[in-house]
file data25.txt (compact mmCIF, C-alpha atoms)
# COMPACT_ATOMS: atom_id res chain seq x y z
CA MET Z 1 -28.24 5.77 20.70
CA LYS Z 2 -29.75 2.59 19.33
CA MET Z 3 -32.64 2.51 16.94
CA ILE Z 4 -34.43 -0.25 15.07
CA LEU Z 5 -33.92 -0.12 11.35
CA THR Z 6 -36.24 -2.02 9.02
CA THR Z 7 -34.12 -3.35 6.20
CA LYS Z 8 -34.90 -4.80 2.80
CA HIS Z 9 -32.86 -7.99 3.21
CA PHE Z 10 -32.12 -8.44 6.89
CA GLY Z 11 -35.43 -7.77 8.60
CA ASN Z 12 -35.36 -5.45 11.60
CA ILE Z 13 -31.96 -4.74 13.03
CA ASP Z 14 -30.55 -2.71 15.89
CA ILE Z 15 -28.36 0.08 14.76
CA ASP Z 16 -26.39 2.82 16.46
CA GLU Z 17 -27.88 6.11 15.25
CA THR Z 18 -24.53 7.84 15.40
CA LYS Z 19 -23.23 5.41 12.78
CA LEU Z 20 -25.74 6.49 10.15
CA LEU Z 21 -24.44 8.10 6.98
CA THR Z 22 -25.71 11.35 5.51
CA PHE Z 23 -25.90 11.78 1.77
CA GLU Z 24 -26.82 15.45 1.53
CA LYS Z 25 -27.68 15.19 -2.13
CA GLY Z 26 -29.01 11.64 -1.91
CA ILE Z 27 -27.86 9.54 -4.85
CA LEU Z 28 -28.80 9.99 -8.50
CA GLY Z 29 -32.40 8.98 -9.04
CA PHE Z 30 -33.01 9.00 -5.28
CA GLU Z 31 -32.21 12.57 -4.37
CA ASN Z 32 -34.76 12.60 -1.57
CA LEU Z 33 -33.07 9.81 0.40
CA THR Z 34 -30.40 11.32 2.59
CA GLN Z 35 -29.93 8.89 5.47
CA PHE Z 36 -28.33 5.50 5.02
CA ALA Z 37 -26.81 2.68 7.00
CA LEU Z 38 -23.84 0.70 5.70
CA LEU Z 39 -24.45 -2.91 6.58
CA HIS Z 40 -22.62 -6.19 6.52
CA ASP Z 41 -24.24 -9.54 6.00
CA GLU Z 42 -23.14 -11.63 8.94
CA ALA Z 43 -23.78 -14.80 6.98
CA LEU Z 44 -20.85 -13.93 4.73
CA SER Z 45 -17.32 -15.13 5.37
CA PRO Z 46 -14.75 -12.50 6.41
CA GLU Z 47 -13.32 -12.62 2.89
CA GLU Z 48 -16.72 -11.91 1.34
CA GLU Z 49 -17.64 -9.39 4.04
CA SER Z 50 -14.80 -7.09 3.15
CA VAL Z 51 -16.04 -6.88 -0.42
CA PHE Z 52 -19.85 -6.80 -0.23
CA TYR Z 53 -21.85 -4.26 1.75
CA TRP Z 54 -25.42 -3.03 1.71
CA LEU Z 55 -26.34 0.63 1.66
CA GLN Z 56 -29.75 0.62 3.31
CA SER Z 57 -32.02 3.66 3.15
CA VAL Z 58 -33.35 4.71 6.55
CA GLU Z 59 -36.18 6.76 5.05
CA ASP Z 60 -37.39 4.08 2.62
CA GLU Z 61 -36.92 0.53 3.87
CA SER Z 62 -37.51 -0.92 0.40
CA ILE Z 63 -34.41 0.76 -1.02
CA ALA Z 64 -31.08 -0.95 -0.45
CA PHE Z 65 -28.04 -1.08 -2.70
CA VAL Z 66 -25.30 -3.66 -2.84
CA LEU Z 67 -21.93 -1.95 -2.68
CA VAL Z 68 -18.72 -3.60 -3.77
CA ASN Z 69 -15.30 -2.34 -2.81
CA MET Z 70 -13.80 -2.57 -6.32
CA VAL Z 71 -10.65 -0.75 -5.23
CA SER Z 72 -9.73 -3.85 -3.27
CA LEU Z 73 -10.60 -6.23 -6.12
CA LEU Z 74 -9.15 -4.33 -9.08
CA PRO Z 75 -5.69 -3.02 -8.24
CA ASP Z 76 -5.75 -0.81 -11.33
CA TYR Z 77 -9.12 0.76 -10.54
CA ASN Z 78 -8.31 4.42 -10.13
CA PRO Z 79 -11.31 6.71 -10.47
CA ILE Z 80 -10.33 10.31 -11.09
CA VAL Z 81 -12.76 12.68 -9.48
CA ALA Z 82 -12.59 16.45 -9.53
CA LYS Z 83 -11.40 17.43 -6.07
CA SER Z 84 -14.22 19.91 -5.92
CA GLU Z 85 -16.71 17.05 -6.27
CA ILE Z 86 -15.55 15.47 -3.03
CA ASP Z 87 -14.82 18.72 -1.22
CA ALA Z 88 -18.40 18.51 -0.01
CA LEU Z 89 -17.34 15.52 2.08
CA GLY Z 90 -14.68 17.43 3.99
CA GLU Z 91 -10.92 17.48 3.78
CA TYR Z 92 -9.65 14.57 1.71
CA ASN Z 93 -7.79 11.89 3.65
CA GLU Z 94 -7.02 8.56 2.03
CA ASP Z 95 -7.43 6.83 5.39
CA THR Z 96 -11.00 7.94 5.92
CA PHE Z 97 -12.33 8.27 2.35
CA THR Z 98 -13.53 4.98 0.90
CA PHE Z 99 -14.83 4.32 -2.60
CA TYR Z 100 -17.56 1.76 -3.21
CA ASN Z 101 -19.37 0.77 -6.38
CA ILE Z 102 -23.08 0.09 -6.69
CA ALA Z 103 -23.74 -3.40 -7.99
CA THR Z 104 -26.68 -4.62 -10.03
CA ILE Z 105 -27.38 -8.28 -9.29
CA PRO Z 106 -29.50 -10.09 -11.88
CA GLU Z 107 -30.99 -13.57 -11.46
CA ASN Z 108 -27.70 -15.19 -12.34
CA ILE Z 109 -25.20 -13.69 -9.92
CA LYS Z 110 -22.35 -14.40 -12.33
CA ASP Z 111 -23.84 -11.73 -14.58
CA MET Z 112 -23.63 -9.03 -11.94
CA THR Z 113 -22.29 -5.64 -12.93
CA VAL Z 114 -20.78 -2.79 -10.95
CA ASN Z 115 -20.84 0.91 -11.69
CA LEU Z 116 -17.22 1.94 -12.05
CA LYS Z 117 -18.12 5.29 -13.58
CA ALA Z 118 -20.10 6.70 -10.67
CA PRO Z 119 -18.69 5.41 -7.39
CA ILE Z 120 -20.06 6.11 -3.94
CA VAL Z 121 -17.59 7.93 -1.73
CA ILE Z 122 -17.92 7.84 2.05
CA ASN Z 123 -15.89 9.79 4.57
CA SER Z 124 -15.88 7.75 7.75
CA LYS Z 125 -14.64 10.74 9.74
CA ASN Z 126 -17.84 12.77 9.41
CA ARG Z 127 -20.17 10.06 8.05
CA LEU Z 128 -20.92 11.99 4.87
CA GLY Z 129 -21.41 10.25 1.55
CA LYS Z 130 -21.97 11.12 -2.09
CA GLN Z 131 -22.21 9.51 -5.49
CA VAL Z 132 -19.64 11.10 -7.79
CA ILE Z 133 -18.95 10.75 -11.50
CA CYS Z 134 -15.34 10.11 -12.38
CA THR Z 135 -13.83 11.63 -15.47
CA ASN Z 136 -12.15 8.44 -16.71
CA GLU Z 137 -13.41 7.59 -20.18
CA GLU Z 138 -12.51 3.92 -19.78
CA TYR Z 139 -14.88 3.12 -16.91
CA THR Z 140 -18.44 2.10 -17.56
CA ILE Z 141 -21.66 2.12 -15.63
CA ARG Z 142 -21.97 -1.64 -16.11
CA HIS Z 143 -18.74 -3.48 -15.61
CA TYR Z 144 -19.09 -7.25 -15.47
CA MET Z 145 -17.46 -8.49 -12.31
CA PHE Z 146 -16.98 -12.07 -13.36
CA LYS Z 147 -16.41 -11.94 -17.07
CA GLU Z 148 -13.18 -11.09 -18.83
CA MET N 1 -36.29 26.95 -21.42
CA LEU N 2 -34.45 29.86 -22.96
CA ALA N 3 -33.52 29.35 -26.64
CA LEU N 4 -30.62 31.33 -28.02
CA THR N 5 -29.07 31.09 -31.45
CA ARG N 6 -25.30 31.34 -31.53
CA LYS N 7 -22.69 31.27 -34.27
CA ARG N 8 -19.27 29.69 -34.12
CA GLY N 9 -17.14 31.63 -31.64
CA GLU N 10 -20.11 33.16 -29.79
CA SER N 11 -20.77 32.56 -26.09
CA ILE N 12 -23.44 32.29 -23.46
CA MET N 13 -22.93 33.33 -19.84
CA ILE N 14 -24.73 31.56 -17.03
CA ALA N 15 -24.68 33.49 -13.76
CA ASP N 16 -21.42 35.41 -13.72
CA ASP N 17 -18.96 32.54 -13.73
CA ILE N 18 -20.07 29.93 -16.26
CA GLU N 19 -19.37 30.39 -19.93
CA ILE N 20 -20.44 28.17 -22.80
CA VAL N 21 -18.82 28.91 -26.14
CA VAL N 22 -19.58 27.38 -29.55
CA LEU N 23 -16.11 26.24 -30.62
CA ASP N 24 -17.05 24.60 -33.88
CA VAL N 25 -20.00 23.48 -35.96
CA GLN N 26 -19.63 20.56 -38.38
CA GLY N 27 -22.83 19.30 -39.95
CA ASP N 28 -25.14 18.39 -37.07
CA GLN N 29 -22.36 18.29 -34.49
CA VAL N 30 -21.66 21.25 -32.28
CA LYS N 31 -18.45 21.43 -30.31
CA LEU N 32 -18.97 23.34 -27.10
CA GLY N 33 -16.41 24.73 -24.71
CA ILE N 34 -17.46 25.07 -21.07
CA ALA N 35 -15.63 27.28 -18.63
CA ALA N 36 -16.94 26.85 -15.10
CA PRO N 37 -15.54 27.02 -11.58
CA LYS N 38 -14.06 23.74 -10.38
CA HIS N 39 -16.78 23.08 -7.85
CA ILE N 40 -19.38 22.84 -10.60
CA PRO N 41 -19.24 19.43 -12.31
CA VAL N 42 -20.03 19.34 -16.01
CA HIS N 43 -21.09 16.14 -17.76
CA ARG N 44 -22.94 15.06 -20.89
CA LYS N 45 -26.61 14.76 -19.99
CA GLU N 46 -26.89 11.13 -21.04
CA ILE N 47 -24.48 10.09 -18.30
CA PHE N 48 -26.79 11.44 -15.58
CA GLU N 49 -29.77 9.68 -17.06
CA GLN N 50 -27.85 6.44 -17.48
CA ILE N 51 -26.61 6.53 -13.89
CA GLN N 52 -30.07 7.30 -12.56
CA ALA N 53 -31.50 4.41 -14.52
CA GLU N 54 -28.75 2.05 -13.39
CA ASN N 55 -29.18 3.11 -9.75
CA LYS N 56 -32.89 2.39 -9.98
CA GLU N 57 -32.25 -1.03 -11.42
CA ALA N 58 -29.60 -1.71 -8.77
CA ALA N 59 -32.09 -0.82 -6.02
CA LEU N 60 -34.46 -3.45 -7.40
CA LYS N 61 -31.75 -6.01 -7.97
CA SER N 62 -29.89 -5.97 -4.68
CA ASN N 63 -30.50 -9.47 -3.46
CA ILE N 64 -27.45 -11.61 -2.87
CA LYS N 65 -27.87 -14.98 -1.32
CA PRO N 66 -24.78 -15.93 0.67
CA GLU N 67 -24.79 -19.41 -0.88
CA ASP N 68 -24.37 -17.89 -4.37
CA LEU N 69 -21.36 -15.93 -3.19
CA LYS N 70 -19.66 -18.97 -1.73
CA ASP N 71 -19.64 -20.59 -5.18
CA LEU N 72 -18.12 -17.52 -6.79
CA PHE N 73 -15.36 -17.09 -4.28
CA SER N 74 -14.33 -20.70 -4.34
CA LYS N 75 -14.09 -20.58 -8.14
CA GLU N 76 -12.04 -17.38 -8.01
CA SER N 77 -9.35 -18.99 -5.87
call {"tool": "encode", "arguments": {"input": "data25.txt", "output": "structure tokens"}}
result
Amino acid sequence: MKMILTTKHFGNIDIDETKLLTFEKGILGFENLTQFALLHDEALSPEEESVFYWLQSVEDESIAFVLVNMVSLLPDYNPIVAKSEIDALGEYNEDTFTFYNIATIPENIKDMTVNLKAPIVINSKNRLGKQVICTNEEYTIRHYMFKE
Amino acid sequence: MLALTRKRGESIMIADDIEIVVLDVQGDQVKLGIAAPKHIPVHRKEIFEQIQAENKEAALKSNIKPEDLKDLFSKES
């Protein structure tokens, strides 16, 4: 069933309600927001589109996060998460569980950082999502994407 | 908040399945051992606060202009 979603960066868009994601615990700092849409920017090239997404809140149109699929960009990125932390999303399946990282984009996009420590996990099978904290000591909350 | 004073080796029980034990005390550092069921995550408090703060900043700074991205990707390759 289609609905109109008011978004922070793309104006009003048509969206299939059944494609909405449920974050039962919201995300840290926004625990009250439980419904999100995962959006692409159609102005991006296919190469860019597979890396950058927007997580748009349905309940608060002013809240949208840029998500980056760091697993595809950093071959060594391997967040270790207690299985119990993602049990809430259903039975683990590497085909349907995807990890994304919230990005913070300052004025100069080259200074953008991604949160490797607390990725967003989404199970496309049941459309549930959660922000988890990985146990790896080496990952930070602010990893510079474009600096060595 | 409940305040309890414990010595090295003493424990606190939370509900019937979470135990916090004082493993060691050195100066102003306390080493704590936490035994909890696997479904209960345990983290230093600062990490929660830092993630919350970073999420809030990310929500404010979530504007990517496609033209900026094009520059980045062409430089990458």
call {"tool": "interface_residues", "arguments": {"input": "data25.txt", "of": "chain Z", "to": "chain N", "cutoff": "9 Å", "atoms": "all atoms listed in the file", "output": "PyMOL selection string"}}
result
chain Z and resi 8-9+27-30+41+43-45+47-48+54+62-66+82-85+87+102-107+109-110+115+117-118+133+135+141-142+146
call {"tool": "residues_around", "arguments": {"input": "data25.txt", "residues": "Gly33 in chain N", "least_positions_apart": "2", "cutoff": "9 Å", "atoms": "only C-alpha atoms", "output": "list in words"}}
result
Glu19, Ile20, Val21, Val22, Leu23, Lys31 and Ala35 of chain N
call {"tool": "atom_distance", "arguments": {"input": "data25.txt", "atom1": "CA of Phe99 in chain Z", "atom2": "CA of Tyr139 in chain Z"}}
result
14.4 Å
call {"tool": "atom_distance", "arguments": {"input": "data25.txt", "atom1": "CA of Ile13 in chain Z", "atom2": "CA of Tyr100 in chain Z"}}
result
22.7 Å
call {"tool": "atom_distance", "arguments": {"input": "data25.txt", "atom1": "CA of Thr6 in chain Z", "atom2": "CA of Ala37 in chain Z"}}
result
10.7 Å
call {"tool": "residues_around", "arguments": {"input": "data25.txt", "residues": "Glu17 in chain Z", "least_positions_apart": "2", "cutoff": "8 Å", "atoms": "all atoms listed in the file", "output": "ChimeraX atom specification"}}
result
/Z:1-3,15,19-20
call {"tool": "closest_residue", "arguments": {"input": "data25.txt", "among": "Z:Leu89, Z:Val51, Z:Leu67, Z:Ile4", "to": "Leu116 in chain Z", "atoms": "all atoms listed in the file"}}
result
Z:Leu67
call {"tool": "closest_residue", "arguments": {"input": "data25.txt", "among": "Z:Tyr77, Z:Asp60, Z:Met145, Z:Lys125", "to": "Tyr92 in chain Z", "atoms": "all atoms listed in the file"}}
result
Z:Lys125
call {"tool": "closest_residue", "arguments": {"input": "data25.txt", "among": "Z:Thr34, Z:Thr22, Z:Ser57, Z:Asn69", "to": "Val114 in chain Z", "atoms": "all atoms listed in the file"}}
result
Z:Asn69
call {"tool": "decode", "arguments": {"input": "data25.txt", "residues": "range 36-54 of chain N", "atoms": "N, CA and C atoms", "output": "mmCIF file, in the first residue's frame"}}
result
data_model
loop_
_atom_site.group_PDB
_atom_site.id
_atom_site.type_symbol
_atom_site.label_atom_id
_atom_site.label_comp_id
_atom_site.auth_asym_id
_atom_site.auth_seq_id
_atom_site.Cartn_x
_atom_site.Cartn_y
_atom_site.Cartn_z
ATOM 1 N N ALA N 36 26.817 -11.626 33.217
ATOM 2 C CA ALA N 36 25.412 -11.393 32.835
ATOM 3 C C ALA N 36 25.056 -12.332 31.697
ATOM 4 N N PRO N 37 23.773 -12.645 31.549
ATOM 5 C CA PRO N 37 23.369 -13.505 30.434
ATOM 6 C C PRO N 37 23.739 -12.855 29.112
ATOM 7 N N LYS N 38 23.972 -13.663 28.103
ATOM 8 C CA LYS N 38 24.445 -13.157 26.815
ATOM 9 C C LYS N 38 23.522 -12.158 26.152
ATOM 10 N N HIS N 39 22.244 -12.202 26.456
ATOM 11 C CA HIS N 39 21.347 -11.299 25.750
ATOM 12 C C HIS N 39 21.383 -9.889 26.338
ATOM 13 N N ILE N 40 22.098 -9.723 27.419
ATOM 14 C CA ILE N 40 22.209 -8.400 28.034
ATOM 15 C C ILE N 40 23.564 -7.805 27.676
ATOM 16 N N PRO N 41 23.589 -6.773 26.824
ATOM 17 C CA PRO N 41 24.874 -6.171 26.467
ATOM 18 C C PRO N 41 25.414 -5.341 27.629
ATOM 19 N N VAL N 42 26.701 -5.323 27.761
ATOM 20 C CA VAL N 42 27.340 -4.540 28.826
ATOM 21 C C VAL N 42 28.422 -3.672 28.191
ATOM 22 N N HIS N 43 28.351 -2.378 28.405
ATOM 23 C CA HIS N 43 29.351 -1.467 27.832
ATOM 24 C C HIS N 43 29.697 -0.387 28.837
ATOM 25 N N ARG N 44 30.864 0.223 28.669
ATOM 26 C CA ARG N 44 31.200 1.398 29.475
ATOM 27 C C ARG N 44 30.173 2.473 29.172
ATOM 28 N N LYS N 45 29.780 3.240 30.147
ATOM 29 C CA LYS N 45 28.723 4.227 29.942
ATOM 30 C C LYS N 45 29.082 5.266 28.892
ATOM 31 N N GLU N 46 30.360 5.679 28.895
ATOM 32 C CA GLU N 46 30.758 6.743 27.961
ATOM 33 C C GLU N 46 30.413 6.377 26.532
ATOM 34 N N ILE N 47 30.501 5.094 26.185
ATOM 35 C CA ILE N 47 30.282 4.715 24.795
ATOM 36 C C ILE N 47 28.839 5.000 24.377
ATOM 37 N N PHE N 48 27.890 4.759 25.274
ATOM 38 C CA PHE N 48 26.497 5.085 24.964
ATOM 39 C C PHE N 48 26.321 6.562 24.712
ATOM 40 N N GLU N 49 26.900 7.347 25.615
ATOM 41 C CA GLU N 49 26.750 8.798 25.504
ATOM 42 C C GLU N 49 27.410 9.317 24.242
ATOM 43 N N GLN N 50 28.581 8.743 23.927
ATOM 44 C CA GLN N 50 29.288 9.193 22.724
ATOM 45 C C GLN N 50 28.492 8.835 21.467
ATOM 46 N N ILE N 51 27.911 7.647 21.450
ATOM 47 C CA ILE N 51 27.133 7.238 20.276
ATOM 48 C C ILE N 51 25.876 8.085 20.140
ATOM 49 N N GLN N 52 25.218 8.341 21.254
ATOM 50 C CA GLN N 52 24.031 9.196 21.211
ATOM 51 C C GLN N 52 24.381 10.554 20.643
ATOM 52 N N ALA N 53 25.479 11.119 21.139
ATOM 53 C CA ALA N 53 25.892 12.444 20.691
ATOM 54 C C ALA N 53 26.249 12.419 19.207
ATOM 55 N N GLU N 54 26.945 11.378 18.787
ATOM 56 C CA GLU N 54 27.335 11.294 17.379
ATOM 57 C C GLU N 54 26.114 11.096 16.489
#
